[in-house]
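Coordinates from target07.tsv are shown below (TSV, C-alpha atoms).
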```tsv
chain	number	residue	atom	x	y	z
T	11	MET	CA	0.00	0.00	0.00
T	12	THR	CA	1.31	3.42	-0.89
T	13	GLU	CA	1.31	5.88	1.98
T	14	VAL	CA	0.29	9.42	1.13
T	15	ASN	CA	1.54	12.18	3.38
T	16	SER	CA	-1.06	14.90	3.87
T	17	PRO	CA	0.01	18.53	4.44
T	18	ILE	CA	-1.28	18.29	8.02
T	19	ARG	CA	0.79	15.20	8.75
T	20	GLU	CA	3.90	16.73	7.16
T	21	GLU	CA	3.51	19.85	9.28
T	22	ALA	CA	3.09	17.76	12.43
T	23	GLU	CA	6.23	15.76	11.67
T	24	ARG	CA	8.20	18.93	10.95
T	25	THR	CA	7.03	20.50	14.22
T	26	SER	CA	7.92	17.40	16.23
T	27	GLN	CA	11.41	17.43	14.75
T	28	GLN	CA	11.92	21.08	15.75
T	29	VAL	CA	10.95	20.56	19.43
T	30	PRO	CA	14.16	20.10	21.41
T	31	SER	CA	14.53	17.08	23.62
T	32	SER	CA	14.90	17.37	27.38
T	33	HIS	CA	18.63	16.73	27.00
T	34	GLU	CA	18.98	19.55	24.46
T	35	ARG	CA	17.01	21.91	26.69
T	36	ARG	CA	19.27	21.04	29.63
T	37	ILE	CA	22.38	21.76	27.53
T	38	TRP	CA	20.90	25.10	26.47
T	39	VAL	CA	20.11	26.07	30.08
T	40	ASP	CA	23.62	25.05	31.22
T	41	ALA	CA	25.13	27.04	28.36
T	42	ARG	CA	23.27	30.19	29.41
T	43	LYS	CA	24.35	29.72	33.03
T	44	HIS	CA	27.99	29.22	32.05
T	45	ARG	CA	27.86	32.23	29.76
T	46	TRP	CA	26.80	34.47	32.64
T	47	LEU	CA	29.42	32.95	34.94
T	48	SER	CA	32.02	33.65	32.27
T	49	ARG	CA	30.89	37.26	31.96
T	50	LEU	CA	31.06	37.76	35.72
T	51	ARG	CA	34.53	36.19	35.81
T	52	SER	CA	35.71	38.52	33.05
T	53	TYR	CA	34.15	41.70	34.44
T	54	PHE	CA	35.13	41.24	38.11
T	55	ILE	CA	38.39	39.24	37.94
T	56	PHE	CA	40.18	39.26	34.58
T	57	ASP	CA	39.44	42.82	33.44
T	58	PRO	CA	40.38	44.53	36.74
T	59	LEU	CA	43.59	42.48	36.99
T	60	ILE	CA	44.63	43.26	33.42
T	61	TRP	CA	43.98	46.97	33.93
T	62	PHE	CA	45.93	46.85	37.19
T	63	TYR	CA	48.91	45.25	35.43
T	64	THR	CA	48.67	47.83	32.66
T	65	VAL	CA	48.60	50.84	34.96
T	66	VAL	CA	51.43	49.61	37.21
T	67	TYR	CA	53.74	48.62	34.35
T	68	GLY	CA	52.89	51.78	32.42
T	69	ILE	CA	53.68	54.10	35.32
T	70	VAL	CA	56.92	52.31	36.21
T	71	SER	CA	58.04	52.41	32.57
T	72	ILE	CA	57.81	56.23	32.38
T	73	PRO	CA	61.04	57.04	34.27
T	74	ILE	CA	62.83	54.14	32.56
T	75	SER	CA	62.00	55.68	29.18
T	76	LEU	CA	64.33	58.56	30.04
T	77	PHE	CA	67.44	56.36	29.87
T	78	SER	CA	69.43	55.34	26.81
T	79	GLY	CA	68.55	51.96	25.32
T	80	LYS	CA	64.99	52.48	26.51
T	81	GLU	CA	63.43	50.57	23.57
T	82	GLN	CA	65.03	47.30	24.59
T	83	ILE	CA	64.12	47.76	28.25
T	84	LEU	CA	60.53	48.73	27.45
T	85	HIS	CA	60.19	45.69	25.19
T	86	GLN	CA	61.11	43.51	28.18
T	87	PHE	CA	58.54	45.42	30.25
T	88	ALA	CA	55.88	44.70	27.64
T	89	ARG	CA	56.87	41.03	27.55
T	90	SER	CA	56.67	40.74	31.36
T	91	TRP	CA	53.26	42.49	31.31
T	92	SER	CA	52.09	40.07	28.64
T	93	ARG	CA	53.27	37.01	30.58
T	94	LEU	CA	51.26	38.14	33.60
T	95	ILE	CA	48.15	38.48	31.46
T	96	MET	CA	48.58	35.06	29.85
T	97	LYS	CA	49.10	33.42	33.24
T	98	THR	CA	46.03	35.18	34.60
T	99	ILE	CA	43.64	34.07	31.86
T	100	LEU	CA	45.01	30.48	31.89
T	101	SER	CA	44.76	29.99	28.14
T	102	PRO	CA	47.14	27.41	26.66
T	103	VAL	CA	48.86	28.46	23.46
T	104	ARG	CA	50.19	26.26	20.67
T	105	VAL	CA	52.78	27.74	18.33
T	106	ARG	CA	53.27	26.14	14.94
T	107	GLY	CA	55.78	26.93	12.23
T	108	LEU	CA	58.24	29.09	14.18
T	109	GLU	CA	61.03	26.61	13.48
T	110	LYS	CA	60.64	27.29	9.75
T	111	ILE	CA	61.58	30.97	10.11
T	112	ASP	CA	65.09	32.38	10.24
T	113	THR	CA	64.52	34.70	13.19
T	114	SER	CA	68.06	36.07	12.88
T	115	LYS	CA	66.86	38.07	9.86
T	116	PRO	CA	64.34	40.92	9.95
T	117	HIS	CA	60.90	40.22	8.51
T	118	VAL	CA	57.55	41.96	8.27
T	119	TYR	CA	55.12	39.85	10.31
T	120	ALA	CA	51.58	40.30	8.96
T	121	VAL	CA	49.15	39.31	11.71
T	122	ASN	CA	45.37	39.05	11.73
T	123	HIS	CA	43.87	41.30	14.41
T	124	ALA	CA	41.00	39.63	16.27
T	125	SER	CA	41.13	41.08	19.79
T	126	ALA	CA	43.15	43.02	22.35
T	127	MET	CA	44.66	39.69	23.43
T	128	ASP	CA	46.69	39.53	20.21
T	129	ILE	CA	49.33	41.86	21.66
T	130	PRO	CA	50.14	39.80	24.79
T	131	VAL	CA	50.27	36.62	22.71
T	132	LEU	CA	52.77	38.17	20.30
T	133	TYR	CA	55.00	39.59	23.04
T	134	VAL	CA	55.16	36.27	24.87
T	135	TYR	CA	55.59	33.90	21.94
T	136	LEU	CA	57.71	35.85	19.45
T	137	PRO	CA	61.19	35.13	20.84
T	138	PHE	CA	62.85	38.33	19.63
T	139	GLN	CA	62.49	42.08	19.78
T	140	PHE	CA	60.15	43.74	17.31
T	141	ARG	CA	58.29	46.96	16.69
T	142	ILE	CA	54.54	47.26	16.11
T	143	VAL	CA	52.77	49.48	13.59
T	144	PHE	CA	49.79	51.04	15.37
T	145	LYS	CA	47.13	53.58	14.50
T	146	LYS	CA	47.34	57.12	15.86
T	147	GLU	CA	44.06	56.85	17.77
T	148	LEU	CA	45.75	54.65	20.40
T	149	LEU	CA	47.89	57.56	21.55
T	150	LYS	CA	44.90	59.15	23.26
T	151	TYR	CA	44.68	56.31	25.80
T	152	PRO	CA	46.54	57.03	29.05
T	153	VAL	CA	49.41	54.65	29.91
T	154	ILE	CA	49.04	52.65	26.70
T	155	GLY	CA	49.61	55.70	24.52
T	156	TRP	CA	52.58	56.77	26.65
T	157	HIS	CA	54.24	53.39	26.25
T	158	LEU	CA	53.66	53.23	22.51
T	159	LYS	CA	55.16	56.68	22.03
T	160	ARG	CA	58.28	56.04	24.14
T	161	SER	CA	59.08	52.46	23.13
T	162	GLY	CA	59.87	53.08	19.46
T	163	GLN	CA	56.67	51.71	17.94
T	164	VAL	CA	55.56	53.01	14.54
T	165	CYS	CA	52.56	55.36	14.52
T	166	ILE	CA	50.37	55.58	11.41
T	167	ASP	CA	47.68	58.20	10.83
T	168	GLN	CA	45.09	56.34	8.77
T	169	GLN	CA	43.04	59.50	8.22
T	170	ALA	CA	45.99	61.45	6.79
T	171	PRO	CA	48.63	59.00	5.49
T	172	SER	CA	50.84	61.87	4.29
T	173	ARG	CA	51.51	62.77	7.94
T	174	SER	CA	52.94	59.29	8.51
T	175	ILE	CA	55.81	59.62	6.02
T	176	ALA	CA	58.39	60.14	8.77
T	177	SER	CA	57.09	57.10	10.68
T	178	ILE	CA	57.17	54.96	7.54
T	179	ARG	CA	60.75	56.00	6.83
T	180	SER	CA	61.65	55.17	10.42
T	181	ALA	CA	60.04	51.74	10.04
T	182	MET	CA	61.99	51.03	6.86
T	183	LYS	CA	65.20	52.18	8.54
T	184	SER	CA	64.52	49.82	11.46
T	185	LEU	CA	63.86	46.93	9.11
T	186	LYS	CA	67.06	47.54	7.20
T	187	SER	CA	69.01	47.72	10.46
T	188	GLY	CA	67.66	44.31	11.52
T	189	MET	CA	64.58	45.14	13.62
T	190	PRO	CA	61.52	42.98	12.74
T	191	LEU	CA	58.19	44.73	12.28
T	192	VAL	CA	54.72	43.51	13.26
T	193	ILE	CA	51.82	44.94	11.31
T	194	PHE	CA	48.08	44.26	11.28
T	195	PRO	CA	47.26	44.55	7.56
T	196	GLU	CA	43.51	44.69	8.19
T	197	GLY	CA	43.99	48.17	9.65
T	198	GLY	CA	42.16	47.36	12.88
T	199	ARG	CA	40.35	44.70	14.84
T	200	THR	CA	37.71	42.55	13.20
T	201	ALA	CA	34.15	43.09	14.44
T	202	ASP	CA	32.85	39.59	13.73
T	203	GLY	CA	35.87	37.32	13.86
T	204	ARG	CA	36.31	37.20	10.10
T	205	ILE	CA	39.49	38.33	8.39
T	206	GLN	CA	38.99	41.72	6.76
T	207	PRO	CA	40.50	42.90	3.44
T	208	PHE	CA	44.18	43.75	3.73
T	209	LEU	CA	45.56	47.24	3.29
T	210	PRO	CA	48.76	47.54	1.20
T	211	GLY	CA	50.99	48.90	3.99
T	212	ALA	CA	52.66	45.61	4.97
T	213	PHE	CA	53.53	44.78	1.39
T	214	PHE	CA	54.80	48.30	0.69
T	215	LEU	CA	57.17	48.21	3.68
T	216	ALA	CA	58.44	44.73	2.83
T	217	ILE	CA	59.13	45.66	-0.79
T	218	LYS	CA	60.85	48.93	0.08
T	219	ALA	CA	63.02	47.34	2.77
T	220	GLN	CA	63.65	44.23	0.65
T	221	VAL	CA	62.59	41.79	3.39
T	222	ASP	CA	60.22	38.83	3.44
T	223	ILE	CA	56.65	38.89	4.72
T	224	VAL	CA	55.76	36.21	7.28
T	225	PRO	CA	51.99	35.65	7.66
T	226	VAL	CA	50.93	34.94	11.24
T	227	ALA	CA	47.49	33.47	11.99
T	228	LEU	CA	46.13	33.94	15.50
T	229	LEU	CA	43.31	31.48	16.11
T	230	GLY	CA	41.12	31.70	19.20
T	231	THR	CA	41.80	35.22	20.42
T	232	TYR	CA	38.46	36.48	19.06
T	233	GLU	CA	36.57	33.79	20.99
T	234	LEU	CA	38.67	34.52	24.06
T	235	GLN	CA	37.39	38.08	24.37
T	236	ILE	CA	33.73	37.00	24.19
T	237	PRO	CA	32.31	35.45	27.39
T	238	SER	CA	30.27	32.55	26.04
T	239	ALA	CA	29.39	28.94	26.61
T	240	ARG	CA	32.19	28.05	24.26
T	241	ASN	CA	34.91	29.23	26.64
T	242	ALA	CA	33.07	29.40	29.95
T	243	GLY	CA	33.95	25.97	31.24
T	244	GLY	CA	37.67	26.59	30.90
T	245	ALA	CA	40.30	28.53	29.00
T	246	THR	CA	40.13	28.85	25.26
T	247	ASP	CA	42.90	26.99	23.45
T	248	LEU	CA	44.83	29.50	21.36
T	249	ASP	CA	46.70	28.52	18.23
T	250	ARG	CA	49.32	30.69	16.59
T	251	ARG	CA	50.53	29.63	13.18
T	252	LEU	CA	53.36	31.08	11.15
```

For the structure just supplied, provide its representation as structure tokens.
Amino acid sequence: MTEVNSPIREEAERTSQQVPSSHERRIWVDARKHRWLSRLRSYFIFDPLIWFYTVVYGIVSIPISLFSGKEQILHQFARSWSRLIMKTILSPVRVRGLEKIDTSKPHVYAVNHASAMDIPVLYVYLPFQFRIVFKKELLKYPVIGWHLKRSGQVCIDQQAPSRSIASIRSAMKSLKSGMPLVIFPEGGRTADGRIQPFLPGAFFLAIKAQVDIVPVALLGTYELQIPSARNAGGATDLDRRL
């Protein structure tokens, strides 16, 4: 006998398939609870600690910036600050591909920019000194702006590129003298976790300085900054690939 499915029966079957089971509902409720716990942990533990580290290290670094060789010392300050942050958030990091790079030579490291956690990850896991290309707007932030200005980083005015000629020349001079450069070719942080179109700055600097570009993929830092069920039960596993 051939069975004919009526529209009413088809609708009933479709509705029954869409109703979540008790197990699925329990998972959804647990996910919401963990998401709120993760938010509370971030707002009342992680964020205050990170800001405390930032203020203390920033203030201490001001008098040190008056001495000669300040760039090297301030880089070590930034690395120590970054290590504290990584130990606080308890996120394991896997680094892949570093052994394939000749770190004795200067390169332009083109890095995707997913969150504020990208900076600590780079300072901890790039085993050499480097300078970062940053946008001018960051100079208006107390402590952070002071450190960027005094530690030899490269400031770019995205609204008026012609004003950045001196900074670009300084970056090329640093590259030619052996100082690696880290640049975020997207021009800023992604809003949705997806990689944005690249601006030509990284390629221009590499061509002018006659150095190689090393692409660096940071995976997991976007999820790390969002308190969610995905990372509430424990630390997000970060992966950095070169």

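Note that the spacing between atom CA of Tyr232 of chain T and atom CA of Ala201 of chain T amounts to 9.1 Å.
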
Open item on the list: What does the structure give for the distance between atom CA of Trp61 of chain T and atom CA of Gln169 of chain T, in Å to one decimal?
Closed with: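 These atoms are spaced 28.6 Å apart.
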
Task: Coordinates-based distance that separates atom CA of Arg51 of chain T from atom CA of Gly155 of chain T (Å, one decimal) - done: 27.1 Å

Open item on the list: At a cut-off of 7 Å, using all atoms listed in the file, what residues contact Ser177 of chain T? Leave out same-chain residues fewer than 2 positions from it and give the result as an MDAnalysis selection string.
Closed with: chainID T and resid 164:166 174:175 179:181

Task: T:Pro225, T:Gly162, T:Gly198, T:Pro190 ranked by distance to Lys80 of chain T, top pick (using only C-alpha atoms) - done: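 Comparing T:Pro225, T:Gly162, T:Gly198, T:Pro190 against Lys80 of chain T, the winner is T:Gly162.
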
- [ ] Compile the contact shell of Ala126 of chain T as a PyMOL selection string: residues with an atom at most 9 Å away, counting all atoms listed in the file, same-chain residues fewer than 5 positions apart removed.
- [x] chain T and resi 199+231-232+235

TODO: Around the point (45.2, 50.4, 33.1), in the coordinates given by the file, pick out the residues reaching within 12 Å, counting all atoms listed in the file, and return them as a list in words.
DONE: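 Residues found, by chain and rising number: Asp57, Pro58, Leu59, Ile60, Trp61, Phe62, Tyr63, Thr64, Val65, Val66, Tyr67, Gly68, Ile69, Trp91, Tyr151, Pro152, Val153, Ile154, Gly155, Trp156 and His157 of chain T.
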
Task: Residue nearest Ala120 of chain T - candidates T:Gln220, T:Leu148, T:Val143, T:Ala170, atoms counted: all atoms listed in the file - done: T:Val143

- [ ] Rank nothing, just name the residue among T:Lys145, T:Arg104, T:His117, T:Arg93 nearest to Gly188 of chain T, using all atoms listed in the file.
- [x]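 Once distances to Gly188 of chain T are computed over all atoms listed in the file, the minimum belongs to T:His117.
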
Open item on the list: Which polymer residues, whether protein, DNA or RNA, lie within 9 Å of the coordinate (61.3, 55.6, 25.3) when you count all atoms listed in the file? List them as a list in words, using the chain letters and numbers from the file.
Closed with: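 Residues with an atom at most 9 Å from (61.3, 55.6, 25.3): Ser71, Ile72, Ile74, Ser75, Leu76, Phe77, Ser78, Gly79, Lys80, Glu81, Ile83, Leu84, Trp156, His157, Leu158, Lys159, Arg160, Ser161 and Gly162 of chain T.
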
I need the chosen residues saved as a compact mmCIF listing (two decimals), in the coordinates of the input, with C-alpha atoms.
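The new file part-v8.txt reads:
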```
# COMPACT_ATOMS: atom_id res chain seq x y z
CA SER T 71 58.04 52.41 32.57
CA ILE T 72 57.81 56.23 32.38
CA ILE T 74 62.83 54.14 32.56
CA SER T 75 62.00 55.68 29.18
CA LEU T 76 64.33 58.56 30.04
CA PHE T 77 67.44 56.36 29.87
CA SER T 78 69.43 55.34 26.81
CA GLY T 79 68.55 51.96 25.32
CA LYS T 80 64.99 52.48 26.51
CA GLU T 81 63.43 50.57 23.57
CA ILE T 83 64.12 47.76 28.25
CA LEU T 84 60.53 48.73 27.45
CA TRP T 156 52.58 56.77 26.65
CA HIS T 157 54.24 53.39 26.25
CA LEU T 158 53.66 53.23 22.51
CA LYS T 159 55.16 56.68 22.03
CA ARG T 160 58.28 56.04 24.14
CA SER T 161 59.08 52.46 23.13
CA GLY T 162 59.87 53.08 19.46
```

- [ ] Measuring atom to atom with only C-alpha atoms, identify which of T:Pro137, T:Val192, T:Lys218, T:Gly211 is nearest to Pro171 of chain T.
- [x]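 Answer, going by the shortest atom-to-atom distance: T:Gly211.
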
Open item on the list: Quick one: residues within 10 Å of Leu132 of chain T, only C-alpha atoms, excluding same-chain residues fewer than 2 positions away - as a ChimeraX atom specification?
Closed with: /T:89,92,121,127-130,134-137,140,192,226,228,250
